[in-house]
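Written below as structure tokens is the structure these notes are about.
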Amino acid sequence: MSRHVAIVTDSTAYLPPRSMERHGITAVPLTVVLGDEALEEGTEISTRALAQALQKRRSVTTSRPSPQEFADTYRRVAESGVTGIVSLHLSAELSGTYDAAVLAAREAPVPVRVVDTGMVAMALGFCALAAAAVTEAGGTMDEAVTAAEKRAAGTTAYFYVDTLDYLRRGGRIGTAQALLGSALAVKPLLQLDDGRIELLEKVRTASKAIARLEEIAADRAAGAEVDIAVHHLAAPERAAALADRLRDRLPGLTDLHVSEVGAVIGAHTGPGLLGVVVSPR
């Protein structure tokens, strides 16, 4: 199908490769720095290698794509014949990716609309899919942006981590909150709120925290036609079991994705992550 508007996102959307190919979505990779080695997310570092590095307490950091990487991507996409690009990215509160895209968009050969979705993982992925559906139907750039922003406004993301230490190290959550969780030996539940990671609840055990995560997601999705994503890092059995329970509980469930997060998000959450994205259509 000929498209006039292309969709670009970044590697933290964690869209299935088949979905990206089917909908013509391009992802610009973020970078994971393991020791002194810089590796592109999705191609040069596996989540297993990341989990092992974190467990051994090796130095792991992340970095945004450069403006030049975005410029190169916009140029390649423009060469396919599109007349515009909608570029959708993870929260600017969490990464400088949005800023790099804005800089590159100024010199792009076709108009580029860069959007800070305030989301991450499949919360971002669902925004990209919503925008792609509009462009596939012949919609304009403005209509695609509106669809993505509407999807973001209705989408929520909740997640459980075994420890707040990784988020504290990466500066993604306040030191006071992280130390409080460690001192009380609680299991934290977090949410994305205005593009930031915020402590939602503190639960005493992992099993109770995961049960509470399920309850919160089910309540948020109740009565809606909804897409769900269950994410994990080095916890496939937990993720599969949670997905099965949500599938049984939600008659309005339209689409369910179960996937391991990539190295960038994994570096900041640590092994044991279990997350749920709830995205009404």
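Just remember, in the structure tokens the first chain shown is A, the second B, etc., residues are 1-based per chain, and ligands are 1-based in the order shown.
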
task: Write down as a VMD selection string the residues of region 38-220 of chain A whose backbone DSSP state falls under alpha helix (DSSP H).
output: chain A and resid 47 to 55 67 to 78 97 to 105 122 to 136 141 to 154 165 to 169 175 to 184 206 to 220

- prompt: DSSP says strand (DSSP E) for which residues of region 100-133 of chain A? Put them as a ChimeraX atom specification?
  reply: /A:112-116

Would you mind exporting C-alpha atoms of the selected residues as a CSV table (one decimal), in the first residue's frame?
chain,number,residue,atom,x,y,z
A,112,VAL,CA,8.6,15.9,10.5
A,113,ARG,CA,6.3,16.1,13.5
A,114,VAL,CA,8.1,14.9,16.6
A,115,VAL,CA,5.9,13.9,19.5
A,116,ASP,CA,6.8,13.3,23.2

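Proximity of A:Val120, A:Ala108, A:Ala211, A:Leu274 to Ala92 (chain A), computed with only C-alpha atoms, is greatest for A:Val120.
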
Distance query region 57-65 of chain A at most 8 Å, only C-alpha atoms, self and fewer than 2 positions along chain excluded, as JSON, numbers by chain: {"A": [28, 29, 30, 31, 32, 33, 34, 35, 53, 54, 55, 67, 69, 70, 95, 96, 97, 100, 170, 264, 267]}

Among listed residues A:Glu41, A:Val102, A:Pro109, A:Ala133, nearest Ile25 (chain A) (using only C-alpha atoms): A:Ala133

- line: A straight line from CA of Val261 (chain A) to CA of His232 (chain A) spans 5.9 Å

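Candidate residues A:Arg220, A:His231, A:Arg196, A:Lys208 were compared for distance to Leu90 (chain A), and the nearest is A:Arg196, using only C-alpha atoms.
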
message: as a PyMOL selection string, please: the residues near Glu214 (chain A) (cut-off 12 Å, only C-alpha atoms, same-chain neighbours under 4 positions excluded).
response: chain A and resi 157-160+189+207-210+218-222+228+230+238-239+241-250+274-278

query: If we count only C-alpha atoms, what is near Arg22 (chain A) at a cut-off of 12 Å, once residues fewer than 3 positions away on the same chain are taken out, given as a ChimeraX atom specification?
result: /A:1,15-19,25-26,129,132-133,136

Mind dumping the selected residues with N, CA, C and O atoms as an mmCIF file, in the first residue's frame?
data_model
loop_
_atom_site.group_PDB
_atom_site.id
_atom_site.type_symbol
_atom_site.label_atom_id
_atom_site.label_comp_id
_atom_site.auth_asym_id
_atom_site.auth_seq_id
_atom_site.Cartn_x
_atom_site.Cartn_y
_atom_site.Cartn_z
ATOM 1 N N MET A 1 0.839 -1.188 0.000
ATOM 2 C CA MET A 1 0.000 0.000 0.000
ATOM 3 C C MET A 1 0.884 1.252 0.000
ATOM 4 O O MET A 1 1.830 1.362 0.768
ATOM 5 N N LEU A 15 7.995 -2.954 19.907
ATOM 6 C CA LEU A 15 6.997 -3.529 19.000
ATOM 7 C C LEU A 15 7.521 -4.837 18.422
ATOM 8 O O LEU A 15 8.702 -4.952 18.105
ATOM 9 N N PRO A 16 6.644 -5.825 18.264
ATOM 10 C CA PRO A 16 7.078 -7.054 17.600
ATOM 11 C C PRO A 16 7.575 -6.748 16.190
ATOM 12 O O PRO A 16 6.970 -5.927 15.478
ATOM 13 N N PRO A 17 8.666 -7.368 15.764
ATOM 14 C CA PRO A 17 9.208 -7.092 14.424
ATOM 15 C C PRO A 17 8.183 -7.268 13.315
ATOM 16 O O PRO A 17 8.159 -6.485 12.349
ATOM 17 N N ARG A 18 7.323 -8.268 13.440
ATOM 18 C CA ARG A 18 6.309 -8.474 12.398
ATOM 19 C C ARG A 18 5.330 -7.314 12.320
ATOM 20 O O ARG A 18 4.877 -6.935 11.238
ATOM 21 N N SER A 19 4.986 -6.737 13.476
ATOM 22 C CA SER A 19 4.079 -5.588 13.480
ATOM 23 C C SER A 19 4.742 -4.381 12.829
ATOM 24 O O SER A 19 4.107 -3.641 12.068
ATOM 25 N N ILE A 25 6.661 0.664 10.175
ATOM 26 C CA ILE A 25 7.177 1.515 11.243
ATOM 27 C C ILE A 25 8.695 1.330 11.354
ATOM 28 O O ILE A 25 9.191 0.203 11.358
ATOM 29 N N THR A 26 9.420 2.422 11.457
ATOM 30 C CA THR A 26 10.882 2.397 11.597
ATOM 31 C C THR A 26 11.257 2.780 13.025
ATOM 32 O O THR A 26 10.717 3.750 13.564
ATOM 33 N N LEU A 129 1.246 2.265 16.726
ATOM 34 C CA LEU A 129 0.276 1.483 15.955
ATOM 35 C C LEU A 129 -0.970 2.302 15.636
ATOM 36 O O LEU A 129 -1.539 2.199 14.534
ATOM 37 N N ALA A 132 -0.048 4.611 12.844
ATOM 38 C CA ALA A 132 0.112 3.867 11.598
ATOM 39 C C ALA A 132 -1.235 3.502 10.982
ATOM 40 O O ALA A 132 -1.400 3.526 9.759
ATOM 41 N N ALA A 133 -2.216 3.179 11.831
ATOM 42 C CA ALA A 133 -3.548 2.843 11.312
ATOM 43 C C ALA A 133 -4.153 4.027 10.563
ATOM 44 O O ALA A 133 -4.829 3.848 9.534
ATOM 45 N N GLU A 136 -2.262 4.447 7.183
ATOM 46 C CA GLU A 136 -2.637 3.379 6.249
ATOM 47 C C GLU A 136 -3.982 3.656 5.591
ATOM 48 O O GLU A 136 -4.242 3.210 4.464
#

- prompt: So which residues touch region 79-89 of chain A within 8 Å, counting only C-alpha atoms, skipping near sequence neighbours fewer than 6 positions away, as an NGL selection string?
  reply: :A and (3-10 or 13 or 97-98 or 101 or 110-120 or 124 or 127-128 or 141 or 144-145)

Keeping only N, CA, C and O atoms, take the residues you just selected and write them out as an mmCIF file, in the first residue's frame.
data_model
loop_
_atom_site.group_PDB
_atom_site.id
_atom_site.type_symbol
_atom_site.label_atom_id
_atom_site.label_comp_id
_atom_site.auth_asym_id
_atom_site.auth_seq_id
_atom_site.Cartn_x
_atom_site.Cartn_y
_atom_site.Cartn_z
ATOM 1 N N ARG A 3 1.951 4.878 0.950
ATOM 2 C CA ARG A 3 1.688 5.738 2.095
ATOM 3 C C ARG A 3 2.333 7.091 1.860
ATOM 4 O O ARG A 3 3.447 7.185 1.372
ATOM 5 N N HIS A 4 1.636 8.144 2.263
ATOM 6 C CA HIS A 4 2.182 9.488 2.138
ATOM 7 C C HIS A 4 2.874 9.927 3.420
ATOM 8 O O HIS A 4 3.702 10.829 3.402
ATOM 9 N N VAL A 5 2.510 9.299 4.546
ATOM 10 C CA VAL A 5 3.077 9.660 5.840
ATOM 11 C C VAL A 5 3.694 8.419 6.471
ATOM 12 O O VAL A 5 3.059 7.366 6.543
ATOM 13 N N ALA A 6 4.943 8.541 6.917
ATOM 14 C CA ALA A 6 5.634 7.420 7.549
ATOM 15 C C ALA A 6 5.668 7.615 9.063
ATOM 16 O O ALA A 6 5.644 8.741 9.562
ATOM 17 N N ILE A 7 5.745 6.493 9.782
ATOM 18 C CA ILE A 7 5.831 6.512 11.233
ATOM 19 C C ILE A 7 7.226 6.057 11.652
ATOM 20 O O ILE A 7 7.699 4.992 11.247
ATOM 21 N N VAL A 8 7.876 6.880 12.474
ATOM 22 C CA VAL A 8 9.172 6.543 13.079
ATOM 23 C C VAL A 8 8.990 6.531 14.587
ATOM 24 O O VAL A 8 8.256 7.356 15.144
ATOM 25 N N THR A 9 9.620 5.593 15.264
ATOM 26 C CA THR A 9 9.627 5.578 16.718
ATOM 27 C C THR A 9 11.054 5.241 17.173
ATOM 28 O O THR A 9 12.003 5.438 16.424
ATOM 29 N N ASP A 10 11.203 4.783 18.410
ATOM 30 C CA ASP A 10 12.527 4.374 18.862
ATOM 31 C C ASP A 10 12.459 2.960 19.421
ATOM 32 O O ASP A 10 11.377 2.384 19.583
ATOM 33 N N ALA A 13 10.005 1.206 22.118
ATOM 34 C CA ALA A 13 8.593 0.860 21.896
ATOM 35 C C ALA A 13 8.364 -0.644 22.005
ATOM 36 O O ALA A 13 7.243 -1.085 22.261
ATOM 37 N N THR A 97 16.015 11.408 24.006
ATOM 38 C CA THR A 97 15.706 10.952 22.644
ATOM 39 C C THR A 97 14.828 11.949 21.902
ATOM 40 O O THR A 97 15.080 12.276 20.723
ATOM 41 N N TYR A 98 13.791 12.437 22.557
ATOM 42 C CA TYR A 98 12.885 13.405 21.932
ATOM 43 C C TYR A 98 13.657 14.649 21.477
ATOM 44 O O TYR A 98 13.477 15.131 20.351
ATOM 45 N N ALA A 101 15.609 14.009 18.351
ATOM 46 C CA ALA A 101 14.729 13.942 17.182
ATOM 47 C C ALA A 101 14.297 15.334 16.724
ATOM 48 O O ALA A 101 14.233 15.617 15.526
ATOM 49 N N VAL A 110 11.801 16.236 4.400
ATOM 50 C CA VAL A 110 10.344 16.349 4.374
ATOM 51 C C VAL A 110 9.900 16.816 5.756
ATOM 52 O O VAL A 110 10.655 16.696 6.732
ATOM 53 N N PRO A 111 8.690 17.359 5.882
ATOM 54 C CA PRO A 111 8.221 17.785 7.201
ATOM 55 C C PRO A 111 8.181 16.609 8.187
ATOM 56 O O PRO A 111 7.760 15.510 7.838
ATOM 57 N N VAL A 112 8.631 16.870 9.422
ATOM 58 C CA VAL A 112 8.622 15.856 10.475
ATOM 59 C C VAL A 112 7.927 16.435 11.699
ATOM 60 O O VAL A 112 8.282 17.524 12.170
ATOM 61 N N ARG A 113 6.937 15.721 12.209
ATOM 62 C CA ARG A 113 6.286 16.082 13.470
ATOM 63 C C ARG A 113 6.837 15.159 14.550
ATOM 64 O O ARG A 113 6.658 13.942 14.479
ATOM 65 N N VAL A 114 7.527 15.720 15.539
ATOM 66 C CA VAL A 114 8.112 14.933 16.623
ATOM 67 C C VAL A 114 7.200 15.042 17.846
ATOM 68 O O VAL A 114 6.820 16.151 18.245
ATOM 69 N N VAL A 115 6.855 13.901 18.431
ATOM 70 C CA VAL A 115 5.903 13.869 19.539
ATOM 71 C C VAL A 115 6.535 13.198 20.751
ATOM 72 O O VAL A 115 7.049 12.077 20.658
ATOM 73 N N ASP A 116 6.502 13.892 21.887
ATOM 74 C CA ASP A 116 6.844 13.287 23.172
ATOM 75 C C ASP A 116 5.568 12.623 23.687
ATOM 76 O O ASP A 116 4.658 13.297 24.164
ATOM 77 N N THR A 117 5.501 11.307 23.593
ATOM 78 C CA THR A 117 4.265 10.617 23.991
ATOM 79 C C THR A 117 4.104 10.536 25.501
ATOM 80 O O THR A 117 3.005 10.269 25.992
ATOM 81 N N GLY A 118 5.189 10.734 26.244
ATOM 82 C CA GLY A 118 5.136 10.540 27.686
ATOM 83 C C GLY A 118 5.088 9.074 28.078
ATOM 84 O O GLY A 118 4.917 8.748 29.253
ATOM 85 N N MET A 119 5.269 8.192 27.115
ATOM 86 C CA MET A 119 5.120 6.749 27.324
ATOM 87 C C MET A 119 6.468 6.050 27.160
ATOM 88 O O MET A 119 7.466 6.649 26.814
ATOM 89 N N VAL A 120 6.457 4.738 27.361
ATOM 90 C CA VAL A 120 7.623 3.899 27.114
ATOM 91 C C VAL A 120 7.136 2.470 26.960
ATOM 92 O O VAL A 120 6.017 2.133 27.364
ATOM 93 N N LEU A 124 4.234 3.140 24.426
ATOM 94 C CA LEU A 124 4.682 3.868 23.237
ATOM 95 C C LEU A 124 4.326 3.092 21.973
ATOM 96 O O LEU A 124 3.872 3.677 20.975
ATOM 97 N N CYS A 127 0.849 3.647 20.754
ATOM 98 C CA CYS A 127 0.712 4.960 20.111
ATOM 99 C C CYS A 127 1.175 4.908 18.660
ATOM 100 O O CYS A 127 0.536 5.478 17.767
ATOM 101 N N ALA A 128 2.295 4.228 18.429
ATOM 102 C CA ALA A 128 2.805 4.104 17.066
ATOM 103 C C ALA A 128 1.838 3.322 16.185
ATOM 104 O O ALA A 128 1.617 3.673 15.014
ATOM 105 N N MET A 141 -0.679 13.923 8.442
ATOM 106 C CA MET A 141 0.225 13.961 9.586
ATOM 107 C C MET A 141 -0.508 14.412 10.843
ATOM 108 O O MET A 141 -0.344 13.827 11.921
ATOM 109 N N ALA A 144 -2.619 11.669 12.220
ATOM 110 C CA ALA A 144 -1.812 10.612 12.836
ATOM 111 C C ALA A 144 -1.314 11.053 14.208
ATOM 112 O O ALA A 144 -1.318 10.274 15.168
ATOM 113 N N VAL A 145 -0.880 12.309 14.320
ATOM 114 C CA VAL A 145 -0.427 12.836 15.612
ATOM 115 C C VAL A 145 -1.579 12.839 16.610
ATOM 116 O O VAL A 145 -1.417 12.437 17.774
#

Two-atom distance - CA of Glu107 (chain A), CA of Phe126 (chain A) (Å): 27.7 Å

- prompt: Contacts of Glu143 (chain A) at 8 Å or less, counting only C-alpha atoms, minus same-chain residues fewer than 3 places along, as a VMD selection string?
  reply: chain A and resid 131 134 139 to 140 146 to 147

Those selected residues, please, written with N, CA, C and O atoms and delivered as a PDB file, in the first residue's frame.
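Everything below was put into again-v3.pdb:
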ATOM      1  N   ALA A 131      -1.125   5.566  15.251  1.00  0.00           N
ATOM      2  CA  ALA A 131      -0.758   6.519  14.192  1.00  0.00           C
ATOM      3  C   ALA A 131      -0.635   5.819  12.847  1.00  0.00           C
ATOM      4  O   ALA A 131      -1.068   6.347  11.811  1.00  0.00           O
ATOM      5  N   VAL A 134      -3.901   5.226  11.060  1.00  0.00           N
ATOM      6  CA  VAL A 134      -4.417   6.424  10.395  1.00  0.00           C
ATOM      7  C   VAL A 134      -3.727   6.640   9.055  1.00  0.00           C
ATOM      8  O   VAL A 134      -4.377   6.917   8.031  1.00  0.00           O
ATOM      9  N   GLY A 139      -4.702   8.966   6.064  1.00  0.00           N
ATOM     10  CA  GLY A 139      -4.795  10.140   6.915  1.00  0.00           C
ATOM     11  C   GLY A 139      -3.585  11.040   6.814  1.00  0.00           C
ATOM     12  O   GLY A 139      -2.516  10.655   6.329  1.00  0.00           O
ATOM     13  N   THR A 140      -3.747  12.263   7.309  1.00  0.00           N
ATOM     14  CA  THR A 140      -2.696  13.272   7.258  1.00  0.00           C
ATOM     15  C   THR A 140      -1.761  13.140   8.467  1.00  0.00           C
ATOM     16  O   THR A 140      -2.029  12.397   9.413  1.00  0.00           O
ATOM     17  N   THR A 146      -2.740  13.266  16.168  1.00  0.00           N
ATOM     18  CA  THR A 146      -3.918  13.295  17.057  1.00  0.00           C
ATOM     19  C   THR A 146      -4.249  11.898  17.563  1.00  0.00           C
ATOM     20  O   THR A 146      -4.549  11.707  18.750  1.00  0.00           O
ATOM     21  N   ALA A 147      -4.183  10.914  16.670  1.00  0.00           N
ATOM     22  CA  ALA A 147      -4.474   9.532  17.069  1.00  0.00           C
ATOM     23  C   ALA A 147      -3.476   9.032  18.097  1.00  0.00           C
ATOM     24  O   ALA A 147      -3.838   8.368  19.080  1.00  0.00           O
TER      25      ALA A 147
END
